[in-house]
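Undergrad: Structure below; questions to follow.
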Amino acid sequence: MNQPCILVVDDEPQILRFLRPGLSAGDFEVITAETGAEAVKSAATMAPDVIVLDLGLPDKNGKDVIREIRSWSNVPIIVLSARDRESEKIASLDLGANDYLNKPFGIGALMARIRAALRNRQRAGS
């Protein structure tokens, strides 16, 4: 069985350095993007199984990335953001994000959310 592919979208190098080995150790293939444009392109060309998305990107708001990807894909999106206002969470979930996790976060909690998203996607037959 192939490893599930996780697209991590974040412009903070330290987050990418933290997530890549942690997710790889959890038996996930990890691809990364540092901008919204890269995220949309990678989502279209690499067909990840789950997207982990920061809202604060250098070229566009992560909510715009959610909106754009949702126009053509139902891939699970887990927002991973330092924005902790309830309105940000509500807006992200209403746009189509499947989950929202605040920074700072534990790798175990993120991996559990990824596994849940994969289970839900499998049950839905996507």
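Identifiers in this document derive from the order of the structure tokens: chains are assigned A, B, ..., residues are numbered from 1 separately in each chain, and ligands are numbered from 1 in order of occurrence.
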Which residues of range 63-111 of chain A have any atom within 12 Å of an atom in range 21-25 of chain A when counting only C-alpha atoms, and what is the closest pair of atoms for each, with the distance in Å to one decimal? Order the rows by chain and rising number and write it as JSON lines.
TA:
```
{"residue": "A:Gly106", "atom": "CA", "partner": "A:Gly22", "partner_atom": "CA", "distance": 10.3}
{"residue": "A:Ile107", "atom": "CA", "partner": "A:Gly22", "partner_atom": "CA", "distance": 6.8}
{"residue": "A:Gly108", "atom": "CA", "partner": "A:Gly22", "partner_atom": "CA", "distance": 8.9}
{"residue": "A:Ala109", "atom": "CA", "partner": "A:Leu23", "partner_atom": "CA", "distance": 11.6}
{"residue": "A:Leu110", "atom": "CA", "partner": "A:Leu23", "partner_atom": "CA", "distance": 9.1}
{"residue": "A:Met111", "atom": "CA", "partner": "A:Leu23", "partner_atom": "CA", "distance": 7.3}
```
Undergrad: Ala124 in chain A: which residues within 12 Å, counting only C-alpha atoms, same-chain residues fewer than 5 positions away excluded, as a list of chain:residue names?
TA: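 Neighbouring residues, sequence-local ones excluded: A:Asn74, A:Val75, A:Pro76, A:Ala117, A:Leu118, A:Arg119.
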Undergrad: Create the file for the chosen residues now, containing C-alpha atoms and written as a JSON list (two decimals), in the first residue's frame.
TA:
```json
[["chain", "number", "residue", "atom", "x", "y", "z"],
["A", 74, "ASN", "CA", -12.83, 17.66, -1.85],
["A", 75, "VAL", "CA", -9.36, 16.78, -0.49],
["A", 76, "PRO", "CA", -9.36, 17.11, 3.32],
["A", 117, "ALA", "CA", -9.35, 12.95, 7.79],
["A", 118, "LEU", "CA", -8.01, 9.94, 5.87],
["A", 119, "ARG", "CA", -10.57, 7.62, 7.52]]
```
Undergrad: Nearest to Asp59 in chain A: which of A:Glu88, A:Asp10, A:Ser73, A:Asn2 is it, counting only C-alpha atoms?
TA: A:Asp10
Undergrad: What does the structure give for the distance between CA of Val52 in chain A and CA of Ile15 in chain A, in Å to one decimal?
TA: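 Pair CA of Val52 in chain A / CA of Ile15 in chain A returns 11.4 Å.
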Undergrad: Could you go through chain A and tell me which residues DSSP, when run on the backbone, assigns to helix (DSSP H, G or I), listing them as a PyMOL selection string?
TA: chain A and resi 13-25+36-46+62-70+86-95+107-124
Undergrad: Skip Asp54 in chain A itself and residues of its chain fewer than 2 positions away, then list as a list in words all residues within 8 Å of it, counting only C-alpha atoms.
TA: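 Skipping anything fewer than 2 positions along the chain leaves Val9, Asp10, Val52, Gly56, Leu57, Gly62, Val79, Leu80 and Ser81 of chain A.
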Undergrad: Selected residues, N, CA, C and O atoms, written as a compact mmCIF listing (two decimals), in the first residue's frame, please.
TA:
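Saved file part.txt follows:
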```txt
# COMPACT_ATOMS: atom_id res chain seq x y z
N VAL A 9 1.52 23.28 3.67
CA VAL A 9 1.65 24.62 3.12
C VAL A 9 1.92 25.59 4.26
O VAL A 9 1.05 25.86 5.08
N ASP A 10 3.15 26.09 4.31
CA ASP A 10 3.55 27.02 5.36
C ASP A 10 4.79 27.76 4.89
O ASP A 10 5.67 27.16 4.27
N VAL A 52 -2.34 20.24 4.79
CA VAL A 52 -2.18 20.96 6.06
C VAL A 52 -1.79 22.38 5.66
O VAL A 52 -0.75 22.59 5.04
N GLY A 56 -1.61 32.26 7.02
CA GLY A 56 -0.77 33.42 6.76
C GLY A 56 0.32 33.10 5.75
O GLY A 56 1.41 32.68 6.12
N LEU A 57 0.01 33.31 4.49
CA LEU A 57 0.98 33.03 3.42
C LEU A 57 1.43 34.33 2.79
O LEU A 57 0.69 35.33 2.83
N GLY A 62 -4.73 32.24 3.26
CA GLY A 62 -5.03 30.82 3.22
C GLY A 62 -6.50 30.52 2.97
O GLY A 62 -6.85 29.50 2.38
N VAL A 79 -6.45 23.19 8.66
CA VAL A 79 -5.80 24.49 8.86
C VAL A 79 -4.93 24.40 10.10
O VAL A 79 -5.35 23.90 11.14
N LEU A 80 -3.71 24.88 9.96
CA LEU A 80 -2.73 24.93 11.05
C LEU A 80 -2.27 26.38 11.13
O LEU A 80 -1.51 26.82 10.28
N SER A 81 -2.79 27.13 12.09
CA SER A 81 -2.56 28.56 12.07
C SER A 81 -2.37 29.16 13.46
O SER A 81 -2.91 28.65 14.44
```
Undergrad: Which residue out of A:Ala44, A:Ile90, A:Val30, A:Val50 has the minimum interatomic distance to Lys63 in chain A when only C-alpha atoms are used?
TA: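 Smallest distance to Lys63 in chain A is found for A:Ile90.
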